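The file entry-v9.cif contains mmCIF, C-alpha atoms:
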data_data
loop_
_atom_site.label_atom_id
_atom_site.label_comp_id
_atom_site.auth_asym_id
_atom_site.auth_seq_id
_atom_site.Cartn_x
_atom_site.Cartn_y
_atom_site.Cartn_z
CA MET A 29 14.51 -16.42 -52.95
CA THR A 30 12.42 -17.03 -56.05
CA ALA A 31 11.65 -14.67 -58.93
CA LEU A 32 8.11 -14.22 -57.58
CA ALA A 33 9.51 -13.08 -54.23
CA VAL A 34 11.52 -10.40 -56.05
CA THR A 35 8.38 -9.45 -57.94
CA ARG A 36 6.38 -9.15 -54.71
CA ALA A 37 9.01 -6.97 -53.06
CA THR A 38 9.21 -4.65 -56.07
CA LEU A 39 5.42 -4.29 -56.30
CA LYS A 40 5.16 -3.42 -52.60
CA ARG A 41 7.87 -0.80 -52.97
CA VAL A 42 6.23 0.86 -55.96
CA LEU A 43 2.65 0.74 -54.70
CA ARG A 44 3.71 2.42 -51.44
CA ASP A 45 5.23 5.31 -53.39
CA ARG A 46 2.58 8.05 -53.60
CA THR A 47 4.49 9.89 -56.31
CA ALA A 48 4.56 6.78 -58.47
CA LEU A 49 0.83 6.27 -57.95
CA PHE A 50 0.16 9.87 -58.95
CA PHE A 51 1.99 9.44 -62.26
CA MET A 52 0.46 6.01 -62.79
CA VAL A 53 -3.20 6.88 -62.14
CA LEU A 54 -4.09 10.53 -61.57
CA LEU A 55 -1.92 12.28 -64.16
CA PRO A 56 -2.99 10.11 -67.13
CA VAL A 57 -6.67 10.50 -66.22
CA ALA A 58 -6.31 14.28 -65.87
CA ILE A 59 -4.66 14.61 -69.27
CA ILE A 60 -7.24 12.28 -70.86
CA VAL A 61 -9.99 14.59 -69.56
CA VAL A 62 -8.26 17.76 -70.79
CA ILE A 63 -7.52 16.44 -74.28
CA GLY A 64 -10.90 14.71 -74.57
CA VAL A 65 -12.77 17.92 -73.76
CA THR A 66 -10.54 19.90 -76.12
CA VAL A 67 -10.98 17.76 -79.24
CA ARG A 68 -14.50 16.43 -78.88
CA GLY A 69 -16.15 19.61 -80.19
CA PHE A 70 -14.57 19.42 -83.64
CA ASP A 71 -17.64 17.70 -85.13
CA GLU A 72 -20.03 20.41 -83.87
CA PHE A 73 -20.77 23.89 -85.18
CA ARG A 74 -20.59 26.73 -82.69
CA VAL A 75 -23.74 28.78 -83.16
CA GLY A 76 -24.94 31.91 -81.41
CA VAL A 77 -28.69 32.45 -81.01
CA VAL A 78 -30.13 35.95 -80.62
CA PRO A 79 -33.79 35.64 -79.54
CA ASP A 80 -36.38 38.40 -79.56
CA PRO A 81 -36.68 39.77 -76.00
CA ARG A 82 -40.49 39.62 -76.39
CA SER A 83 -40.54 36.21 -78.04
CA GLY A 84 -43.61 34.02 -77.67
CA PRO A 85 -43.94 30.25 -77.40
CA VAL A 86 -43.31 29.63 -81.12
CA ALA A 87 -40.00 31.49 -81.09
CA GLN A 88 -39.03 29.89 -77.79
CA GLU A 89 -39.71 26.44 -79.23
CA LEU A 90 -37.53 27.20 -82.25
CA ALA A 91 -34.71 28.32 -79.95
CA ALA A 92 -35.10 25.09 -77.94
CA ASP A 93 -34.99 23.00 -81.13
CA LEU A 94 -31.74 24.68 -82.13
CA THR A 95 -30.27 24.02 -78.70
CA LYS A 96 -31.18 20.31 -78.81
CA ALA A 97 -30.11 19.78 -82.42
CA PRO A 98 -27.23 17.33 -82.88
CA GLY A 99 -24.20 18.90 -84.49
CA LEU A 100 -24.93 22.37 -83.08
CA ARG A 101 -23.35 23.79 -79.95
CA THR A 102 -25.46 26.86 -79.22
CA ARG A 103 -24.95 29.87 -77.02
CA SER A 104 -27.62 32.48 -76.37
CA TYR A 105 -26.85 36.20 -76.71
CA ALA A 106 -29.09 38.97 -75.45
CA ASP A 107 -27.65 41.48 -77.92
CA ALA A 108 -27.00 40.94 -81.64
CA ALA A 109 -23.93 43.18 -81.48
CA ASP A 110 -22.27 40.87 -78.96
CA ALA A 111 -23.01 37.86 -81.15
CA ARG A 112 -21.51 39.59 -84.22
CA THR A 113 -18.41 40.43 -82.22
CA ALA A 114 -18.01 36.79 -81.22
CA LEU A 115 -18.46 35.81 -84.88
CA ARG A 116 -15.73 38.22 -86.01
CA ARG A 117 -13.40 36.84 -83.33
CA ALA A 118 -13.96 33.31 -84.67
CA GLU A 119 -15.59 32.29 -81.39
CA LEU A 120 -18.67 31.25 -83.38
CA ASP A 121 -19.22 29.66 -86.77
CA ALA A 122 -22.62 31.30 -87.31
CA VAL A 123 -25.16 33.59 -85.64
CA ILE A 124 -28.92 33.00 -85.82
CA VAL A 125 -31.07 36.11 -85.37
CA LEU A 126 -34.66 35.22 -84.56
CA PRO A 127 -36.96 37.89 -86.03
CA ALA A 128 -39.08 40.15 -83.88
CA GLY A 129 -42.76 39.38 -83.89
CA LEU A 130 -42.24 35.80 -85.08
CA ASP A 131 -45.30 34.49 -83.22
CA GLU A 132 -47.61 37.19 -84.60
CA SER A 133 -46.37 36.67 -88.17
CA VAL A 134 -46.88 32.91 -87.99
CA ARG A 135 -50.41 33.23 -86.60
CA ALA A 136 -51.25 35.77 -89.29
CA GLY A 137 -50.03 33.43 -92.03
CA ARG A 138 -47.17 35.64 -93.12
CA SER A 139 -43.79 34.32 -94.25
CA VAL A 140 -40.96 34.64 -91.78
CA THR A 141 -37.24 34.84 -92.59
CA VAL A 142 -34.67 33.63 -90.08
CA ARG A 143 -31.35 35.33 -90.68
CA VAL A 144 -28.10 33.35 -90.30
CA LEU A 145 -24.91 35.40 -90.21
CA VAL A 146 -21.56 33.90 -91.22
CA GLU A 147 -18.11 35.18 -92.03
CA PRO A 148 -17.53 35.28 -95.82
CA SER A 149 -14.20 33.46 -95.54
CA GLY A 150 -15.30 30.84 -93.02
CA SER A 151 -16.12 27.46 -94.58
CA ALA A 152 -17.45 26.15 -91.27
CA GLY A 153 -20.08 28.88 -91.20
CA HIS A 154 -21.51 27.93 -94.58
CA ALA A 155 -21.62 24.29 -93.50
CA ALA A 156 -23.39 25.34 -90.29
CA VAL A 157 -26.12 27.00 -92.37
CA SER A 158 -27.15 23.58 -93.68
CA SER A 159 -27.59 22.21 -90.17
CA VAL A 160 -29.50 25.29 -89.06
CA SER A 161 -31.72 25.16 -92.15
CA ALA A 162 -32.66 21.55 -91.37
CA VAL A 163 -33.77 22.49 -87.85
CA VAL A 164 -35.73 25.52 -89.08
CA ALA A 165 -37.38 23.41 -91.81
CA ASP A 166 -38.53 20.81 -89.26
CA HIS A 167 -39.96 23.57 -87.09
CA ALA A 168 -41.65 25.20 -90.08
CA ALA A 169 -43.26 21.88 -91.02
CA ARG A 170 -45.03 21.75 -87.66
CA LEU A 171 -46.21 25.35 -88.06
CA GLN A 172 -47.55 24.66 -91.55
CA ALA A 173 -49.40 21.59 -90.31
CA ALA A 174 -50.98 23.64 -87.50
CA ARG A 175 -52.00 26.42 -89.89
CA PHE A 176 -53.48 23.94 -92.33
CA ALA A 177 -55.48 22.23 -89.59
CA THR A 178 -56.72 25.60 -88.33
CA GLY A 179 -57.87 26.64 -91.78
CA GLN A 180 -59.53 23.34 -92.63
CA SER A 181 -61.09 22.12 -89.42
CA GLY A 182 -61.07 25.13 -87.14
CA GLY A 183 -59.82 25.24 -83.60
CA THR A 184 -57.12 27.45 -82.20
CA PHE A 185 -53.65 27.62 -83.71
CA ASP A 186 -51.98 26.74 -80.39
CA ARG A 187 -54.15 23.63 -79.98
CA ASN A 188 -53.45 22.46 -83.51
CA LEU A 189 -49.74 23.15 -83.04
CA ALA A 190 -49.77 20.96 -79.94
CA LEU A 191 -51.51 18.21 -81.93
CA ALA A 192 -48.95 18.50 -84.72
CA ARG A 193 -46.16 18.24 -82.18
CA SER A 194 -47.73 15.16 -80.60
CA ALA A 195 -48.25 13.51 -83.98
CA GLU A 196 -44.61 14.14 -84.87
CA GLN A 197 -43.39 12.58 -81.64
CA ALA A 198 -45.70 9.57 -82.02
CA SER A 199 -44.72 8.84 -85.61
CA SER A 200 -41.70 6.70 -86.48
CA PRO A 201 -39.22 8.91 -88.31
CA VAL A 202 -37.33 7.63 -91.30
CA ALA A 203 -33.70 7.10 -90.30
CA VAL A 204 -31.03 8.10 -92.77
CA ARG A 205 -27.64 6.50 -92.43
CA ALA A 206 -24.69 7.68 -94.50
CA GLU A 207 -22.04 5.09 -95.23
CA THR A 208 -18.95 5.40 -97.40
CA VAL A 209 -18.34 2.22 -99.38
CA ASN A 210 -14.87 0.86 -98.64
CA GLY A 211 -14.24 3.99 -96.61
CA GLN A 212 -11.60 3.91 -93.89
CA SER A 213 -10.72 6.59 -91.40
CA ASP A 214 -7.09 7.41 -90.73
CA TYR A 215 -7.99 9.11 -87.48
CA LEU A 216 -9.16 7.98 -84.07
CA PRO A 217 -12.67 9.11 -83.08
CA LEU A 218 -12.87 12.55 -81.52
CA GLY A 219 -13.22 13.27 -77.83
CA TYR A 220 -12.32 10.72 -75.18
CA SER A 221 -12.09 7.97 -77.78
CA TYR A 222 -9.10 9.92 -79.12
CA SER A 223 -7.39 10.91 -75.90
CA THR A 224 -7.79 7.67 -73.94
CA PRO A 225 -5.99 5.17 -76.23
CA THR A 226 -3.26 7.65 -77.17
CA MET A 227 -2.61 8.49 -73.52
CA LEU A 228 -2.52 4.77 -72.72
CA VAL A 229 0.24 4.36 -75.27
CA LEU A 230 2.06 7.45 -74.04
CA PHE A 231 1.90 6.98 -70.27
CA VAL A 232 2.46 3.24 -70.03
CA PHE A 233 5.75 3.77 -71.86
CA ILE A 234 6.74 6.92 -69.93
CA ASN A 235 5.95 5.42 -66.53
CA ALA A 236 7.85 2.28 -67.40
CA LEU A 237 10.89 4.37 -68.35
CA ALA A 238 10.62 6.47 -65.21
CA GLY A 239 10.18 3.32 -63.14
CA GLY A 240 13.68 2.27 -64.16
CA ALA A 241 14.88 4.67 -61.48
CA ALA A 242 13.79 2.14 -58.85
CA ILE A 243 16.11 -0.48 -60.35
CA VAL A 244 18.97 2.02 -60.36
CA GLN A 245 18.27 2.95 -56.75
CA THR A 246 18.14 -0.72 -55.74
CA ARG A 247 21.50 -1.27 -57.41
CA ARG A 248 23.10 1.71 -55.71
CA THR A 249 21.85 0.78 -52.24
CA GLY A 250 23.45 -2.66 -52.52
CA VAL A 251 20.22 -4.67 -52.33
CA TYR A 252 21.13 -6.69 -55.40
CA ALA A 253 24.65 -7.33 -54.08
CA ARG A 254 23.25 -8.73 -50.82
CA ALA A 255 20.71 -10.81 -52.70
CA LEU A 256 23.42 -12.28 -54.93
CA ALA A 257 25.38 -13.24 -51.80
CA ALA A 258 22.35 -15.10 -50.40
CA PRO A 259 22.89 -16.72 -52.94
CA VAL A 260 20.28 -15.70 -55.52
CA SER A 261 21.16 -15.94 -59.18
CA ALA A 262 21.24 -12.86 -61.39
CA ARG A 263 18.76 -14.60 -63.68
CA THR A 264 16.25 -14.83 -60.81
CA LEU A 265 16.62 -11.13 -60.02
CA VAL A 266 16.18 -10.16 -63.67
CA ALA A 267 13.10 -12.36 -64.03
CA GLY A 268 11.56 -11.01 -60.84
CA GLU A 269 12.06 -7.38 -61.82
CA THR A 270 10.75 -8.01 -65.34
CA ILE A 271 7.58 -9.68 -64.06
CA ALA A 272 7.01 -6.84 -61.60
CA TYR A 273 7.33 -4.18 -64.29
CA LEU A 274 5.06 -6.15 -66.60
CA LEU A 275 2.38 -6.39 -63.91
CA LEU A 276 2.64 -2.66 -63.20
CA ALA A 277 2.31 -1.84 -66.91
CA LEU A 278 -0.71 -4.14 -67.21
CA LEU A 279 -2.25 -2.63 -64.07
CA GLN A 280 -1.93 0.90 -65.42
CA SER A 281 -3.28 -0.19 -68.81
CA LEU A 282 -6.31 -1.89 -67.23
CA LEU A 283 -6.99 1.19 -65.09
CA ILE A 284 -6.98 3.46 -68.15
CA VAL A 285 -9.13 1.03 -70.13
CA GLY A 286 -11.60 0.67 -67.26
CA ILE A 287 -11.83 4.39 -66.54
CA GLY A 288 -12.19 5.12 -70.24
CA ALA A 289 -15.02 2.62 -70.63
CA LEU A 290 -16.92 3.42 -67.43
CA ALA A 291 -16.37 7.17 -67.04
CA PHE A 292 -15.92 8.34 -70.63
CA ASP A 293 -17.92 5.71 -72.58
CA VAL A 294 -14.95 4.71 -74.71
CA ALA A 295 -15.59 1.64 -76.88
CA TRP A 296 -12.34 -0.33 -77.13
CA GLY A 297 -13.33 -2.39 -80.16
CA ASP A 298 -12.84 -6.13 -80.51
CA PRO A 299 -12.08 -7.44 -76.98
CA LEU A 300 -9.59 -10.10 -78.09
CA ALA A 301 -7.64 -7.74 -80.32
CA ALA A 302 -7.68 -5.00 -77.68
CA GLY A 303 -6.47 -7.43 -75.02
CA VAL A 304 -3.59 -8.65 -77.17
CA LEU A 305 -2.65 -5.08 -78.05
CA VAL A 306 -2.68 -3.97 -74.39
CA THR A 307 -0.54 -6.96 -73.39
CA LEU A 308 2.02 -6.41 -76.15
CA TRP A 309 2.28 -2.73 -75.33
CA ALA A 310 2.82 -3.59 -71.66
CA LEU A 311 5.66 -5.89 -72.75
CA VAL A 312 7.18 -3.08 -74.84
CA GLY A 313 7.00 -0.72 -71.86
CA THR A 314 8.45 -3.38 -69.55
CA GLY A 315 11.44 -3.89 -71.82
CA ALA A 316 12.06 -0.15 -72.01
CA GLY A 317 11.76 0.30 -68.23
CA VAL A 318 14.08 -2.57 -67.29
CA LEU A 319 16.57 -1.44 -69.94
CA ALA A 320 16.54 2.07 -68.48
CA GLY A 321 17.21 0.62 -65.03
CA ALA A 322 20.19 -1.31 -66.37
CA VAL A 323 21.74 1.45 -68.51
CA PHE A 324 21.44 4.61 -66.41
CA ARG A 325 23.81 5.17 -63.51
CA THR A 326 21.70 7.38 -61.21
CA PRO A 327 17.97 7.80 -60.54
CA GLU A 328 18.33 11.46 -61.44
CA GLN A 329 19.42 10.50 -64.94
CA VAL A 330 16.33 8.33 -65.34
CA HIS A 331 13.99 11.08 -64.14
CA ALA A 332 15.63 13.68 -66.36
CA ILE A 333 15.94 11.67 -69.56
CA GLY A 334 13.20 9.02 -69.32
CA PRO A 335 10.07 11.22 -69.46
CA ALA A 336 11.59 13.54 -72.06
CA LEU A 337 12.50 10.54 -74.21
CA GLY A 338 9.03 9.05 -73.77
CA ILE A 339 7.30 12.30 -74.73
CA GLY A 340 9.57 12.74 -77.74
CA LEU A 341 8.88 9.22 -78.98
CA GLY A 342 5.17 9.73 -78.31
CA MET A 343 5.14 12.89 -80.42
CA LEU A 344 7.04 11.16 -83.21
CA GLY A 345 4.74 8.13 -83.01
CA GLY A 346 1.42 9.97 -83.23
CA CYS A 347 0.30 10.16 -79.61
CA MET A 348 -0.08 13.96 -79.82
CA TRP A 349 -1.51 14.27 -83.34
CA PRO A 350 -2.50 11.85 -86.13
CA LEU A 351 0.41 10.82 -88.34
CA ALA A 352 -1.98 11.08 -91.29
CA LEU A 353 -1.63 14.87 -90.96
CA VAL A 354 2.18 15.03 -91.21
CA PRO A 355 4.36 14.85 -94.34
CA GLY A 356 5.20 11.44 -95.73
CA TRP A 357 8.84 11.49 -94.66
CA LEU A 358 7.86 12.29 -91.06
CA ARG A 359 5.21 9.56 -91.10
CA THR A 360 7.87 7.09 -92.23
CA ALA A 361 10.25 8.26 -89.51
CA GLY A 362 7.45 7.95 -86.94
CA HIS A 363 7.05 4.26 -87.71
CA ALA A 364 10.61 3.69 -86.58
CA VAL A 365 9.26 3.81 -82.99
CA PRO A 366 6.71 1.39 -81.47
CA GLN A 367 4.25 4.12 -80.51
CA ALA A 368 3.24 4.63 -84.14
CA TRP A 369 2.36 0.96 -84.59
CA ALA A 370 0.34 0.92 -81.37
CA VAL A 371 -1.64 4.02 -82.40
CA ASP A 372 -2.20 2.53 -85.87
CA ALA A 373 -3.61 -0.60 -84.25
CA TRP A 374 -5.97 1.40 -82.03
CA THR A 375 -7.09 3.43 -85.06
CA THR A 376 -7.97 0.22 -86.89
CA LEU A 377 -9.88 -1.18 -83.91
CA LEU A 378 -11.77 2.00 -82.96
CA SER A 379 -12.30 3.77 -86.30
CA ARG A 380 -12.59 0.86 -88.72
CA ASP A 381 -14.26 -1.78 -86.52
CA GLY A 382 -11.24 -4.02 -86.99
CA ASP A 383 -10.67 -7.37 -85.35
CA LEU A 384 -7.57 -9.40 -84.52
CA SER A 385 -6.92 -10.28 -88.16
CA SER A 386 -7.02 -6.60 -89.11
CA VAL A 387 -4.10 -5.68 -86.85
CA VAL A 388 -1.84 -8.69 -87.39
CA ARG A 389 0.80 -6.53 -89.08
CA GLU A 390 0.87 -3.98 -86.25
CA LEU A 391 0.89 -6.68 -83.57
CA THR A 392 3.73 -8.50 -85.33
CA VAL A 393 5.86 -5.36 -85.37
CA LEU A 394 5.08 -4.66 -81.71
CA THR A 395 6.05 -8.24 -80.88
CA GLY A 396 9.39 -7.62 -82.55
CA PHE A 397 9.90 -4.44 -80.51
CA ALA A 398 8.94 -6.25 -77.30
CA VAL A 399 11.29 -9.17 -77.94
CA ALA A 400 14.15 -6.84 -78.83
CA LEU A 401 13.68 -4.58 -75.82
CA LEU A 402 13.17 -7.43 -73.34
CA THR A 403 16.21 -9.27 -74.66
CA CYS A 404 18.43 -6.20 -74.47
CA ALA A 405 17.05 -5.34 -71.02
CA SER A 406 17.64 -8.85 -69.65
CA LEU A 407 21.16 -9.04 -70.99
CA ALA A 408 22.06 -5.53 -69.86
CA LEU A 409 20.65 -5.94 -66.34
CA ARG A 410 22.23 -9.37 -65.92
CA HIS A 411 25.58 -7.99 -67.06
CA ARG A 412 25.25 -5.09 -64.64
CA LEU A 413 24.43 -7.43 -61.74
CA THR A 414 27.24 -9.88 -62.43
CA THR A 415 29.95 -7.26 -63.04
CA GLY A 416 29.03 -4.61 -60.53
CA PRO A 417 25.68 -5.04 -58.72
CA GLY A 418 26.27 -1.99 -56.55
CA ALA A 419 27.24 0.33 -59.41
#

Same coordinates, now as structure tokens:
Amino acid sequence: MTALAVTRATLKRVLRDRTALFFMVLLPVAIIVVIGVTVRGFDEFRVGVVPDPRSGPVAQELAADLTKAPGLRTRSYADAADARTALRRAELDAVIVLPAGLDESVRAGRSVTVRVLVEPSGSAGHAAVSSVSAVVADHAARLQAARFATGQSGGTFDRNLALARSAEQASSPVAVRAETVNGQSDYLPLGYSYSTPTMLVLFVFINALAGGAAIVQTRRTGVYARALAAPVSARTLVAGETIAYLLLALLQSLLIVGIGALAFDVAWGDPLAAGVLVTLWALVGTGAGVLAGAVFRTPEQVHAIGPALGIGLGMLGGCMWPLALVPGWLRTAGHAVPQAWAVDAWTTLLSRDGDLSSVVRELTVLTGFAVALLTCASLALRHRLTTGPGA
């Protein structure tokens, strides 16, 4: 029996296990969706819009512009009192009250004031006012153009407003791009670009740890003892199991990367750097999983301790929240585990447009973790097989 035969047998056993497939595929995707939906609204202002029940086309167009505006997540309220209640409960950052008779005032050439309500102590509300003011100013520019055309060349206000709208759409707007010189973000992008790479780091490691239960079960059922009597060397068994766990870790990583790119539009950065990072992290997870299978005595121990240990290390290493937000001493402690270095590498690739040379330090540290874990795992499993393969 060769190492590849051991690998093939292990892969068949795992891929036939529906519980293992659930934790490998469905659970990570579900958590990616939940976290991605939760955090992707942090760069938008929550705004309530209270329209006039008898609003005309001008007011309706303003409400539509507010709804389509980037950076604003709007919700319409039929009653101003309900919108104020939501504002007091911090469900909204601001409330826009469209004035009654807006269409009549505009056609008559009178000034119109759009009220924006915010909480005095809420900084987000005051920032939302700037975004709302920009939308209202763009809308007012079209109205002024229509009024000017009506006064100078005649025609109806509605016809001139339609012409102003068409001219605005046909013109090439001036694009403004803000860029911070030498600026670097310490955070992953919001939304799915945050949840997908962090959950890749978290679940590849956790599933590898939990997968160590299969090695323990194989030991206890005497499969290794019979294989050694074949005879098959302990080195062959260790190599076969290690290759199988590496392929499973790579398979799960590629599934998460593919689903993130195709379903959630996640950009994984430089392909070469991302590929090396995924491979190294799969090696780290493989070492941890094989080591768990060699050290623990029962599958129940693996299932009880493995996931809890993986979650704890993930929390310490920044899979749950950015380490840039925690105190310095905790950030230093977090970098004692490989998860922190993997998340740092993804942050560089996704938030700073880094390439392979930008993450050499992180990849070097992860290589050290992988070598250490794989070495310990190989020695421990080989020792277990040669001293007591059925224990």

Per-residue nearest contacts region 216-247 of chain A to region 313-328 of chain A, cut-off 7 Å, using only C-alpha atoms, as CSV:
residue,atom,partner,partner_atom,distance
A:Val232,CA,A:Gly313,CA,6.3
A:Phe233,CA,A:Gly313,CA,4.7
A:Ala236,CA,A:Gly317,CA,4.5
A:Leu237,CA,A:Gly317,CA,4.2
A:Ala238,CA,A:Gly317,CA,7.0
A:Gly239,CA,A:Gly317,CA,6.1
A:Gly240,CA,A:Gly321,CA,4.0
A:Ala241,CA,A:Pro327,CA,4.5
A:Ile243,CA,A:Gly321,CA,4.9
A:Val244,CA,A:Gly321,CA,5.2
A:Gln245,CA,A:Pro327,CA,6.2

Would you output that residue set with C-alpha atoms, as a CSV table (one decimal), keeping the file's coordinate frame?
chain,number,residue,atom,x,y,z
A,232,VAL,CA,2.5,3.2,-70.0
A,233,PHE,CA,5.8,3.8,-71.9
A,236,ALA,CA,7.8,2.3,-67.4
A,237,LEU,CA,10.9,4.4,-68.4
A,238,ALA,CA,10.6,6.5,-65.2
A,239,GLY,CA,10.2,3.3,-63.1
A,240,GLY,CA,13.7,2.3,-64.2
A,241,ALA,CA,14.9,4.7,-61.5
A,243,ILE,CA,16.1,-0.5,-60.4
A,244,VAL,CA,19.0,2.0,-60.4
A,245,GLN,CA,18.3,3.0,-56.8

Exercise. Could you pull the residues within 10 Å of Ala152 (chain A), counting all atoms listed in the file, minus those fewer than 4 positions along the same chain, as a ChimeraX atom specification?
Worked result: /A:72-74,120-122,146-147,156-157

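Closest approach to Ala128 (chain A) from the set A:Thr95, A:Thr415, A:Gln88, A:Ser281 is made by A:Gln88, with distances taken over all atoms listed in the file.
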
Problem set entry | Contact residues around Ala302 (chain A) with only C-alpha atoms at 8 Å, ignoring same-chain residues under 4 positions, as number ranges by chain | A: 296-298, 306, 374, 377

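Of the listed residues (A:Ala114, A:Ala155, A:Leu32, A:Leu189), A:Leu189 comes nearest to Glu89 (chain A); the distances count only C-alpha atoms.
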
Problem set entry | Explicit residues for the PyMOL selection byres ((chain A and resi 39) around 12) (as a PyMOL selection string) | chain A and resi 32-38+40-45+48-49+239+242+268-277+279

Problem set entry | region 123-127 of chain A environment, 6 Å, all atoms listed in the file, sequence neighbours closer than 4 positions dropped, as an MDAnalysis selection string | chainID A and resid 75:79 142:145

Problem set entry | CA of Gly250 (chain A) to CA of Ala310 (chain A), distance in Å rounded to a single decimal |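 According to the coordinates, CA of Gly250 (chain A) and CA of Ala310 (chain A) are separated by 28.2 Å.
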
For this session: Report as an MDAnalysis selection string the full result of the PyMOL selection byres ((chain A and resi 97) around 12) when it is applied to this structure.
Result: chainID A and resid 72:75 90:96 98:102 156 159:164 166:167

Neighbourhood query: residues within 12 Å of (-1.5, 12.5, -91.7), file coordinates, counting only C-alpha atoms; return as a PDB file with C-alpha atoms, keeping the file's coordinate frame.
ATOM      1  CA  SER A 213     -10.720   6.590 -91.400  1.00  0.00           C
ATOM      2  CA  ASP A 214      -7.090   7.410 -90.730  1.00  0.00           C
ATOM      3  CA  TYR A 215      -7.990   9.110 -87.480  1.00  0.00           C
ATOM      4  CA  LEU A 216      -9.160   7.980 -84.070  1.00  0.00           C
ATOM      5  CA  GLY A 345       4.740   8.130 -83.010  1.00  0.00           C
ATOM      6  CA  GLY A 346       1.420   9.970 -83.230  1.00  0.00           C
ATOM      7  CA  TRP A 349      -1.510  14.270 -83.340  1.00  0.00           C
ATOM      8  CA  PRO A 350      -2.500  11.850 -86.130  1.00  0.00           C
ATOM      9  CA  LEU A 351       0.410  10.820 -88.340  1.00  0.00           C
ATOM     10  CA  ALA A 352      -1.980  11.080 -91.290  1.00  0.00           C
ATOM     11  CA  LEU A 353      -1.630  14.870 -90.960  1.00  0.00           C
ATOM     12  CA  VAL A 354       2.180  15.030 -91.210  1.00  0.00           C
ATOM     13  CA  PRO A 355       4.360  14.850 -94.340  1.00  0.00           C
ATOM     14  CA  GLY A 356       5.200  11.440 -95.730  1.00  0.00           C
ATOM     15  CA  TRP A 357       8.840  11.490 -94.660  1.00  0.00           C
ATOM     16  CA  LEU A 358       7.860  12.290 -91.060  1.00  0.00           C
ATOM     17  CA  ARG A 359       5.210   9.560 -91.100  1.00  0.00           C
ATOM     18  CA  THR A 360       7.870   7.090 -92.230  1.00  0.00           C
ATOM     19  CA  GLY A 362       7.450   7.950 -86.940  1.00  0.00           C
ATOM     20  CA  ALA A 368       3.240   4.630 -84.140  1.00  0.00           C
ATOM     21  CA  ASP A 372      -2.200   2.530 -85.870  1.00  0.00           C
TER      22      ASP A 372
END

Exercise. Out of A:Ser194, A:Gln329, A:Gln180, A:Gln367, which residue has the shortest atom-to-atom distance to Leu228 (chain A) when counting only C-alpha atoms?
Worked result: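 Of all the options, A:Gln367 lies closest to Leu228 (chain A).
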
Exercise. Any idea what's packed within 9 Å of region 285-290 of chain A, counting all atoms listed in the file, ignoring anything in its chain fewer than 2 positions away? Could you give it as a list in words?
Worked result: Val57, Ile60, Tyr220, Ser221, Thr224, Pro225, Leu228, Gln280, Ser281, Leu282, Leu283, Phe292, Asp293, Val294, Ala295 and Trp296 of chain A

Would you output that residue set with C-alpha atoms, as a JSON list (two decimals), in the coordinates of the input?
[["chain", "number", "residue", "atom", "x", "y", "z"],
["A", 57, "VAL", "CA", -6.67, 10.50, -66.22],
["A", 60, "ILE", "CA", -7.24, 12.28, -70.86],
["A", 220, "TYR", "CA", -12.32, 10.72, -75.18],
["A", 221, "SER", "CA", -12.09, 7.97, -77.78],
["A", 224, "THR", "CA", -7.79, 7.67, -73.94],
["A", 225, "PRO", "CA", -5.99, 5.17, -76.23],
["A", 228, "LEU", "CA", -2.52, 4.77, -72.72],
["A", 280, "GLN", "CA", -1.93, 0.90, -65.42],
["A", 281, "SER", "CA", -3.28, -0.19, -68.81],
["A", 282, "LEU", "CA", -6.31, -1.89, -67.23],
["A", 283, "LEU", "CA", -6.99, 1.19, -65.09],
["A", 292, "PHE", "CA", -15.92, 8.34, -70.63],
["A", 293, "ASP", "CA", -17.92, 5.71, -72.58],
["A", 294, "VAL", "CA", -14.95, 4.71, -74.71],
["A", 295, "ALA", "CA", -15.59, 1.64, -76.88],
["A", 296, "TRP", "CA", -12.34, -0.33, -77.13]]

For this session: Find the spatial neighbours of Arg175 (chain A), counting all atoms listed in the file, within a cut-off of 12 Å - ignore same-chain residues fewer than 5 positions away - and output them as an NGL selection string.
Result: :A and (133-138 or 168-170 or 180-192)

For this session: Apply the PyMOL selection byres ((chain A and resi 341) around 10) to the structure shown and report the selected residues as a PyMOL selection string.
Result: chain A and resi 230+233-234+335-340+342-347+362+364-368

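Across the structure, CA of Ala370 (chain A) and CA of Val387 (chain A) are spaced 9.7 Å apart.
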
For this session: Calculate how many Å separate CA of Val266 (chain A) from CA of Phe50 (chain A), rounding to one decimal.
Result: 26.1 Å

Around all of region 72-76 of chain A's listed atoms, make the axis-aligned box with 4 Å on each side and tell me centre and edge lengths in Å to one decimal, as AutoDock Vina command-line options.
--center_x -22.5 --center_y 26.2 --center_z -83.3 --size_x 12.9 --size_y 19.5 --size_z 11.8

Exercise. Pick from A:Leu394, A:Met348, A:Ala361, A:Ala255: nearest to Leu311 (chain A), with only C-alpha atoms counted?
Worked result: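 Smallest distance to Leu311 (chain A) is found for A:Leu394.
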